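Shown next, in structure tokens, is the structure this report addresses.
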Amino acid sequence: MKTAIVTDSTAYIPKDVRDRLRIRMIPLSVAFGGETYREEVDISAEQFFEKIKQHKELPTTSQPAVGEFVELFTSLREEGYDAVISIHLSSGISGTYQGALTAGNMVDGLNVYAYDSEISCMAQGFYAIEAAKMALDGKTPEEIIARIDEMKKTLRAYFMVDDLAHLQRGGRLTGAQAFIGGLLQIKPLLHFENKVIVPFEKIRTRKKAIKRIEELLAEDAAKGVPLKAAIIHANRLDEAEQWKQQLSSLYPNVEFSISYFGPVIATHLGEGALGLTWYQP
């Protein structure tokens with residue numbers, strides 16, 4: 001059986017990695033006024049942060065149309081694939097997963113397995129990369145999904161934002177939480193729980209929030225097992241690189257990489273957001 005792996009742009013997997021592992025990517029979009037851009041296709045993270053400085057209003061974000069999924073799945077069937085595993089950002093913050101599910105039922109002659117990562121960014125990317133490696137090794141869709149389910153048990157992800165207003169305006173955090181947070185200058189530590197973004201702990205400063213994330217990593221790293229981790233930043237590459245250097249020297253059993261919050265997710269988190277995700281390979 002020949003299985004294709006699809007994910008959406010919010011996994012922010014570099015194009016060279018996608019090409020090497022034959023991961024197909026379907027983009028979400030951001031719109032500034034009347035102009036719509038598909039992230040990772042028409043607009044990069046760097047271009048997005050430049051553009052957002054030129055606009056007073058926050059951009060809006062949108063998921064791929066069901067027709068785009070149908071088109072992609074149909075082309076994969078024509079390429080000789082028997083099955084598709086389509087891995088998407090949390091259904092609690094986007095309808096992308098539902099779109100893949102709907103489209104999968106519209107394409108005959110192809111088994112489509114839509115998979116809700118229940119998360120986003122490189123945490124979602126980890127699932128897609130693992131799935132793609134297994135697909136290239138000829139593993140069945142059932143074996144691949146069982147492995148991703150296994151990964152979910154050890155995967156952790158925590159992030160902090162500089163400004164809660166983006167999350168509030170995007171409807172991802174309640175107004176009361178944003179108001180209280182802004183008033184007290186809180187840098188809440190956030191995570192995904194039951195598919196949505198919720199505060200993990202309320203912390204007063206950025207420095208303390210970063211330290212708390214380090215403590216959470218240390219709990220798992222102390223077990224001595226190998227871990228794979230990704231530092232995720234919103235236009236803070238220098239800070240991410242320094243953090244990687246520092247953490248790599250402390251935890252030799254953890255393999256660190258650097259990723260980023262691209263246009264769609266950065267619209268909701270804002271510039272300056274920083275996160276860390278890890279799992280046991």
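Lettering and numbering for the structure tokens are positional, with chains as A, B, ... in the shown order, residues counted from 1 in each chain, and ligands counted from 1 in the shown order.
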
- Message: I'd like the contact shell of Arg38 of chain A - 10 Å cut-off, only C-alpha atoms, skipping same-chain residues fewer than 3 positions apart - returned as a ChimeraX atom specification.
- Response: /A:9,26-31,41-44,61-64,263-264

- Task: Select from segment 2-188 of chain A everything DSSP, run on the backbone, classes as alpha helix (DSSP H), then give the selection as JSON, numbers by chain.
- Result: {"A": [15, 16, 17, 18, 19, 20, 21, 45, 46, 47, 48, 49, 50, 51, 52, 53, 66, 67, 68, 69, 70, 71, 72, 73, 74, 75, 76, 77, 78, 96, 97, 98, 99, 100, 101, 102, 103, 104, 121, 122, 123, 124, 125, 126, 127, 128, 129, 130, 131, 132, 133, 134, 135, 136, 141, 142, 143, 144, 145, 146, 147, 148, 149, 150, 151, 152, 153, 154, 165, 166, 167, 168, 169, 175, 176, 177, 178, 179, 180, 181, 182, 183]}

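Closest approach to Ile23 of chain A from the set A:Ala222, A:Leu269, A:Ile5, A:Ala240 is made by A:Ile5, with distances taken over only C-alpha atoms.
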
- Find, counting only C-alpha atoms, the residue in A:Leu76, A:Ile119, A:Met134, A:Val66 that gets nearest to Ala103 of chain A. A:Val66

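For the choices A:Lys211, A:Arg20, A:Lys133, A:His233, the atom-to-atom distance to Cys121 of chain A is smallest for A:His233 when using only C-alpha atoms.
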
DSSP on the backbone, strand (DSSP E or B) only: what residues of segment 5-124 of chain A does that give? Format it as a JSON list (two decimals) with N, CA and C atoms, in the first residue's frame.
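Result saved to result.json:
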```json
[["chain", "number", "residue", "atom", "x", "y", "z"],
["A", 5, "ILE", "N", 1.41, 11.49, 2.87],
["A", 5, "ILE", "CA", 1.22, 12.28, 4.09],
["A", 5, "ILE", "C", 0.95, 13.73, 3.69],
["A", 6, "VAL", "N", -0.14, 14.25, 4.23],
["A", 6, "VAL", "CA", -0.52, 15.65, 3.98],
["A", 6, "VAL", "C", -0.55, 16.35, 5.33],
["A", 7, "THR", "N", -0.10, 17.59, 5.36],
["A", 7, "THR", "CA", -0.32, 18.42, 6.55],
["A", 7, "THR", "C", -0.64, 19.82, 6.07],
["A", 8, "ASP", "N", -0.98, 20.71, 6.98],
["A", 8, "ASP", "CA", -1.26, 22.09, 6.56],
["A", 8, "ASP", "C", -0.07, 22.98, 6.90],
["A", 23, "ILE", "N", 6.20, 15.18, 1.91],
["A", 23, "ILE", "CA", 5.02, 15.66, 2.65],
["A", 23, "ILE", "C", 4.32, 16.71, 1.79],
["A", 24, "ARG", "N", 3.02, 16.52, 1.57],
["A", 24, "ARG", "CA", 2.24, 17.52, 0.82],
["A", 24, "ARG", "C", 1.66, 18.51, 1.81],
["A", 25, "MET", "N", 1.68, 19.79, 1.43],
["A", 25, "MET", "CA", 1.24, 20.84, 2.34],
["A", 25, "MET", "C", 0.07, 21.61, 1.73],
["A", 26, "ILE", "N", -0.98, 21.80, 2.52],
["A", 26, "ILE", "CA", -2.11, 22.62, 2.07],
["A", 26, "ILE", "C", -2.12, 23.90, 2.91],
["A", 29, "SER", "N", -4.60, 30.74, 5.06],
["A", 29, "SER", "CA", -4.36, 32.08, 4.50],
["A", 29, "SER", "C", -4.52, 33.18, 5.53],
["A", 30, "VAL", "N", -3.83, 34.29, 5.24],
["A", 30, "VAL", "CA", -4.04, 35.52, 6.01],
["A", 30, "VAL", "C", -4.50, 36.60, 5.03],
["A", 31, "ALA", "N", -5.39, 37.48, 5.49],
["A", 31, "ALA", "CA", -5.89, 38.55, 4.62],
["A", 31, "ALA", "C", -5.68, 39.90, 5.27],
["A", 32, "PHE", "N", -5.01, 40.80, 4.53],
["A", 32, "PHE", "CA", -4.84, 42.20, 4.94],
["A", 32, "PHE", "C", -5.78, 43.01, 4.05],
["A", 35, "GLU", "N", -6.53, 41.90, 0.33],
["A", 35, "GLU", "CA", -5.48, 41.03, -0.20],
["A", 35, "GLU", "C", -5.33, 39.76, 0.63],
["A", 36, "THR", "N", -5.44, 38.62, -0.02],
["A", 36, "THR", "CA", -5.30, 37.34, 0.69],
["A", 36, "THR", "C", -4.00, 36.67, 0.26],
["A", 37, "TYR", "N", -3.28, 36.13, 1.24],
["A", 37, "TYR", "CA", -2.00, 35.48, 0.99],
["A", 37, "TYR", "C", -2.01, 34.07, 1.60],
["A", 38, "ARG", "N", -1.59, 33.09, 0.82],
["A", 38, "ARG", "CA", -1.45, 31.73, 1.36],
["A", 38, "ARG", "C", -0.09, 31.65, 2.06],
["A", 39, "GLU", "N", -0.12, 31.31, 3.35],
["A", 39, "GLU", "CA", 1.16, 31.28, 4.07],
["A", 39, "GLU", "C", 2.03, 30.14, 3.54],
["A", 43, "ILE", "N", 3.39, 34.21, 1.07],
["A", 43, "ILE", "CA", 3.97, 35.08, 2.09],
["A", 43, "ILE", "C", 4.76, 34.25, 3.11],
["A", 60, "THR", "N", -6.95, 38.91, 9.06],
["A", 60, "THR", "CA", -7.83, 37.80, 9.40],
["A", 60, "THR", "C", -7.21, 36.52, 8.83],
["A", 61, "THR", "N", -7.60, 35.39, 9.38],
["A", 61, "THR", "CA", -7.05, 34.11, 8.92],
["A", 61, "THR", "C", -8.18, 33.23, 8.42],
["A", 62, "SER", "N", -7.85, 32.35, 7.48],
["A", 62, "SER", "CA", -8.89, 31.44, 6.97],
["A", 62, "SER", "C", -8.29, 30.07, 6.63],
["A", 83, "ALA", "N", -3.75, 5.48, -0.06],
["A", 83, "ALA", "CA", -4.24, 6.08, 1.19],
["A", 83, "ALA", "C", -3.55, 7.42, 1.45],
["A", 84, "VAL", "N", -4.22, 8.24, 2.23],
["A", 84, "VAL", "CA", -3.67, 9.54, 2.65],
["A", 84, "VAL", "C", -3.91, 9.69, 4.15],
["A", 85, "ILE", "N", -2.87, 10.11, 4.86],
["A", 85, "ILE", "CA", -3.05, 10.53, 6.26],
["A", 85, "ILE", "C", -2.86, 12.05, 6.26],
["A", 86, "SER", "N", -3.92, 12.75, 6.62],
["A", 86, "SER", "CA", -3.93, 14.21, 6.54],
["A", 86, "SER", "C", -3.95, 14.77, 7.96],
["A", 87, "ILE", "N", -2.80, 15.33, 8.37],
["A", 87, "ILE", "CA", -2.57, 15.72, 9.77],
["A", 87, "ILE", "C", -2.71, 17.23, 9.93],
["A", 88, "HIS", "N", -3.63, 17.67, 10.80],
["A", 88, "HIS", "CA", -3.94, 19.10, 10.85],
["A", 88, "HIS", "C", -3.95, 19.71, 12.24],
["A", 111, "ASN", "N", -8.36, 5.92, 0.40],
["A", 111, "ASN", "CA", -8.67, 5.91, 1.84],
["A", 111, "ASN", "C", -8.02, 7.12, 2.49],
["A", 112, "VAL", "N", -8.83, 8.06, 2.95],
["A", 112, "VAL", "CA", -8.30, 9.27, 3.58],
["A", 112, "VAL", "C", -8.53, 9.19, 5.09],
["A", 113, "TYR", "N", -7.43, 9.31, 5.83],
["A", 113, "TYR", "CA", -7.48, 9.31, 7.29],
["A", 113, "TYR", "C", -7.16, 10.74, 7.75],
["A", 114, "ALA", "N", -8.18, 11.50, 8.13],
["A", 114, "ALA", "CA", -7.93, 12.84, 8.67],
["A", 114, "ALA", "C", -7.51, 12.68, 10.13],
["A", 115, "TYR", "N", -6.46, 13.39, 10.52],
["A", 115, "TYR", "CA", -5.92, 13.24, 11.88],
["A", 115, "TYR", "C", -5.86, 14.60, 12.57],
["A", 116, "ASP", "N", -6.51, 14.70, 13.71],
["A", 116, "ASP", "CA", -6.52, 15.93, 14.50],
["A", 116, "ASP", "C", -5.29, 15.91, 15.42]]
```

- Message: Can you pull out the residues contacting Val161 of chain A? Cut-off 7 Å, using only C-alpha atoms, and skip same-chain residues under 5 positions away; I want them as a PyMOL selection string.
- Response: chain A and resi 187+269-270+272-274

With all heavy atoms retained, export the selected residues as a JSON list (two decimals), in the first residue's frame.
```
[["chain", "number", "residue", "atom", "x", "y", "z"],
["A", 187, "LYS", "N", 2.58, 37.48, 31.93],
["A", 187, "LYS", "CA", 3.00, 36.75, 30.73],
["A", 187, "LYS", "C", 2.55, 35.31, 30.93],
["A", 187, "LYS", "O", 3.33, 34.47, 31.39],
["A", 187, "LYS", "CB", 4.53, 36.79, 30.57],
["A", 187, "LYS", "CG", 5.12, 38.18, 30.50],
["A", 187, "LYS", "CD", 4.84, 38.81, 29.17],
["A", 187, "LYS", "CE", 5.49, 40.20, 29.08],
["A", 187, "LYS", "NZ", 4.91, 41.02, 28.04],
["A", 269, "LEU", "N", -1.01, 35.04, 18.06],
["A", 269, "LEU", "CA", -0.09, 35.12, 19.21],
["A", 269, "LEU", "C", 0.65, 36.45, 19.28],
["A", 269, "LEU", "O", 1.03, 36.88, 20.36],
["A", 269, "LEU", "CB", 0.93, 33.97, 19.16],
["A", 269, "LEU", "CG", 0.39, 32.54, 19.19],
["A", 269, "LEU", "CD1", 1.55, 31.55, 19.32],
["A", 269, "LEU", "CD2", -0.59, 32.34, 20.33],
["A", 270, "GLY", "N", 0.89, 37.07, 18.13],
["A", 270, "GLY", "CA", 1.62, 38.33, 18.11],
["A", 270, "GLY", "C", 3.13, 38.13, 18.08],
["A", 270, "GLY", "O", 3.65, 37.08, 18.46],
["A", 272, "GLY", "N", 6.98, 38.25, 19.05],
["A", 272, "GLY", "CA", 7.62, 38.09, 20.36],
["A", 272, "GLY", "C", 7.22, 36.82, 21.09],
["A", 272, "GLY", "O", 7.80, 36.49, 22.12],
["A", 273, "ALA", "N", 6.21, 36.11, 20.56],
["A", 273, "ALA", "CA", 5.81, 34.84, 21.21],
["A", 273, "ALA", "C", 6.97, 33.86, 21.15],
["A", 273, "ALA", "O", 7.76, 33.86, 20.20],
["A", 273, "ALA", "CB", 4.58, 34.27, 20.52],
["A", 274, "LEU", "N", 7.05, 33.02, 22.16],
["A", 274, "LEU", "CA", 8.14, 32.04, 22.24],
["A", 274, "LEU", "C", 7.59, 30.75, 22.85],
["A", 274, "LEU", "O", 6.80, 30.80, 23.80],
["A", 274, "LEU", "CB", 9.26, 32.59, 23.14],
["A", 274, "LEU", "CG", 10.63, 31.91, 23.09],
["A", 274, "LEU", "CD1", 11.28, 32.07, 21.71],
["A", 274, "LEU", "CD2", 11.55, 32.50, 24.16]]
```

- Message: I'd like to know which of A:Ala230, A:Ala45, A:Ile186, A:Leu21 is closest to Leu276 of chain A, using only C-alpha atoms.
- Response: A:Ala230

- Might you pull out every residue within 12 Å of Arg212 of chain A, with only C-alpha atoms counted and same-chain residues fewer than 2 positions away left off, and present them as a PyMOL selection string? chain A and resi 158-160+187-190+200-210+214-219+275-276

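Every protein, DNA or RNA residue with an atom at most 9 Å from Leu136 of chain A, where only C-alpha atoms count and chain neighbours fewer than 4 positions away do not, is listed here: Lys2, Thr3, Ala4, Leu21, Arg22, Ala131 and Ala132 of chain A.
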
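Of the listed residues A:Gly125, A:Pro141, A:Gly224, A:Pro252, the one whose atoms come nearest to Tyr12 of chain A is A:Gly125, with distances taken using only C-alpha atoms.
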
- Message: My list of candidates is A:Thr277, A:Ser259, A:Gln124, A:Thr96. Which is closest to His191 of chain A when distances are computed with only C-alpha atoms?
- Response: A:Thr277
